[in-house]
Amino acid sequence: MYLVSACLLGVNCRYDGGCFNNESLLELTGRGQAIPVCPEQLGGCKTPRLPCEICGGSGGDVLDGKCRVMSVKGEDKTDNYISGAMETLKIAKACGVKKAILKARSPSCGCGKIYDGTFSGKTVCGNGVTAELLIRNGIEVMSDEDFGEQRRGDDI
Ligand code: SF4
């Protein structure tokens, strides 16, 4: 069983009210092997909403109180992001999930790389807030892009 970013499964929860339809992940969900979650909505963010990025650090730094999550207009949304991560972790624990497939580069769901806080499309190394909290709690996290590559190599 996998926790999966809901926006990859046709759920219109992205900041712009849109979504993706990842065929491989939809197939996984159709087989009853995925639980869709949107940490930003779980943290009380509206949809659509202003885009946000982690400014001056990573999801780990946000959890450690060393940097903030800001909207493109300068609103501090850190509390929503931390709350959403904690709610997502509750769902993972309640369902006994040990693996997650999350949307690449998101300030919540990003794994390995995230947008750099300048709203310019550039990335830096690091995890989103939710990805980091899941990893700290023993859950294996991969991005949708990693999942696609792995799937091409074997049968996940
Ligand atoms: S990337 Fe994560 S937080 Fe952002 S819309 Fe998708 S599921 Fe929600």
# chains A, B, ... in the order shown; residues from 1 in each chain; ligands from 1
call {"tool": "residues_around", "arguments": {"residues": "Asn137 in chain A", "least_positions_apart": "5", "cutoff": "10 Å", "atoms": "only C-alpha atoms", "output": "short mmCIF file (atom, residue, chain, number, x, y, z; two decimals) with C-alpha atoms, in the first residue's frame"}}
result
data_model
loop_
_atom_site.label_atom_id
_atom_site.label_comp_id
_atom_site.auth_asym_id
_atom_site.auth_seq_id
_atom_site.Cartn_x
_atom_site.Cartn_y
_atom_site.Cartn_z
CA LEU A 89 1.50 11.29 8.86
CA ALA A 92 -0.06 6.95 6.99
CA LYS A 93 0.12 5.56 10.52
CA LYS A 98 5.31 2.27 4.79
CA ALA A 131 8.09 14.24 2.57
CA GLU A 132 10.62 15.09 5.28
#
call {"tool": "closest_atom_pairs", "arguments": {"of": "chain A", "to": "ligand 1", "cutoff": "6 Å", "atoms": "only C-alpha atoms and all ligand atoms", "output": "CSV"}}
result
residue,atom,partner,partner_atom_place_in_ligand_line,distance
A:Ser5,CA,ligand 1,7 (S),3.8
A:Ala6,CA,ligand 1,7 (S),4.7
A:Cys7,CA,ligand 1,6 (Fe),4.3
A:Cys13,CA,ligand 1,5 (S),4.8
A:Arg14,CA,ligand 1,5 (S),3.7
A:Val37,CA,ligand 1,7 (S),5.9
A:Cys38,CA,ligand 1,8 (Fe),3.7
A:Pro39,CA,ligand 1,3 (S),4.7
A:Glu40,CA,ligand 1,3 (S),4.4
A:Lys103,CA,ligand 1,1 (S),4.8
A:Ser106,CA,ligand 1,1 (S),5.1
A:Ser108,CA,ligand 1,3 (S),5.2
A:Cys109,CA,ligand 1,2 (Fe),4.6
call {"tool": "write_last_selection", "arguments": {"atoms": "C-alpha atoms", "output": "mmCIF file, in the first residue's frame"}}
result
data_model
loop_
_atom_site.group_PDB
_atom_site.id
_atom_site.type_symbol
_atom_site.label_atom_id
_atom_site.label_comp_id
_atom_site.auth_asym_id
_atom_site.auth_seq_id
_atom_site.Cartn_x
_atom_site.Cartn_y
_atom_site.Cartn_z
ATOM 1 C CA SER A 5 -0.106 12.724 -3.804
ATOM 2 C CA ALA A 6 -3.752 13.189 -4.728
ATOM 3 C CA CYS A 7 -2.944 15.680 -7.502
ATOM 4 C CA CYS A 13 -6.052 19.951 -5.457
ATOM 5 C CA ARG A 14 -3.084 21.768 -7.014
ATOM 6 C CA VAL A 37 -3.613 12.577 0.173
ATOM 7 C CA CYS A 38 -3.096 16.297 -0.359
ATOM 8 C CA PRO A 39 -1.074 17.671 2.556
ATOM 9 C CA GLU A 40 -1.760 21.295 1.629
ATOM 10 C CA LYS A 103 4.777 14.884 -6.496
ATOM 11 C CA SER A 106 6.526 20.515 -4.321
ATOM 12 C CA SER A 108 5.055 19.764 0.650
ATOM 13 C CA CYS A 109 5.521 16.619 -1.384
#
call {"tool": "residues_around", "arguments": {"residues": "Pro107 in chain A", "least_positions_apart": "3", "cutoff": "6 Å", "atoms": "only C-alpha atoms", "output": "JSON, numbers by chain"}}
result
{"A": [53, 54, 110, 128]}
call {"tool": "select_by_dssp", "arguments": {"residues": "range 2-150 of chain A", "states": "helix (DSSP H, G or I)", "output": "ChimeraX atom specification"}}
result
/A:6-8,23-30,39-42,59-63,78-95,129-136,144-150
call {"tool": "select_by_dssp", "arguments": {"residues": "chain A", "states": "strand (DSSP E)", "output": "PyMOL selection string"}}
result
chain A and resi 2-5+34-37+52-55+68-71+99-102+113-115+123-125+140-143
call {"tool": "closest_residue", "arguments": {"among": "A:Thr29, A:Val129, A:Gly121, A:Asn21", "to": "Gly65 in chain A", "atoms": "only C-alpha atoms"}}
result
A:Val129
call {"tool": "residues_around", "arguments": {"residues": "Glu75 in chain A", "least_positions_apart": "5", "cutoff": "9 Å", "atoms": "only C-alpha atoms", "output": "list in words"}}
result
Cys52, Val69 and Met70 of chain A
call {"tool": "residues_around", "arguments": {"residues": "Pro36 in chain A", "least_positions_apart": "2", "cutoff": "12 Å", "atoms": "only C-alpha atoms", "output": "NGL selection string"}}
result
:A and (1-13 or 25-26 or 28-30 or 32-34 or 38-39 or 41-42 or 88 or 91-92 or 95 or 97 or 100-103)
call {"tool": "residues_around", "arguments": {"residues": "Thr123 in chain A", "least_positions_apart": "3", "cutoff": "7 Å", "atoms": "only C-alpha atoms", "output": "CSV table (one decimal) with N, CA and C atoms, in the first residue's frame"}}
result
chain,number,residue,atom,x,y,z
A,113,LYS,N,14.5,17.0,-4.3
A,113,LYS,CA,14.7,18.4,-4.9
A,113,LYS,C,13.4,19.1,-4.7
A,114,ILE,N,13.5,20.4,-4.4
A,114,ILE,CA,12.4,21.3,-4.2
A,114,ILE,C,12.7,22.6,-4.9
A,115,TYR,N,11.6,23.4,-5.2
A,115,TYR,CA,11.8,24.7,-5.7
A,115,TYR,C,12.6,25.6,-4.7
A,116,ASP,N,13.4,26.5,-5.2
A,116,ASP,CA,14.4,27.2,-4.3
A,116,ASP,C,13.9,28.4,-3.5
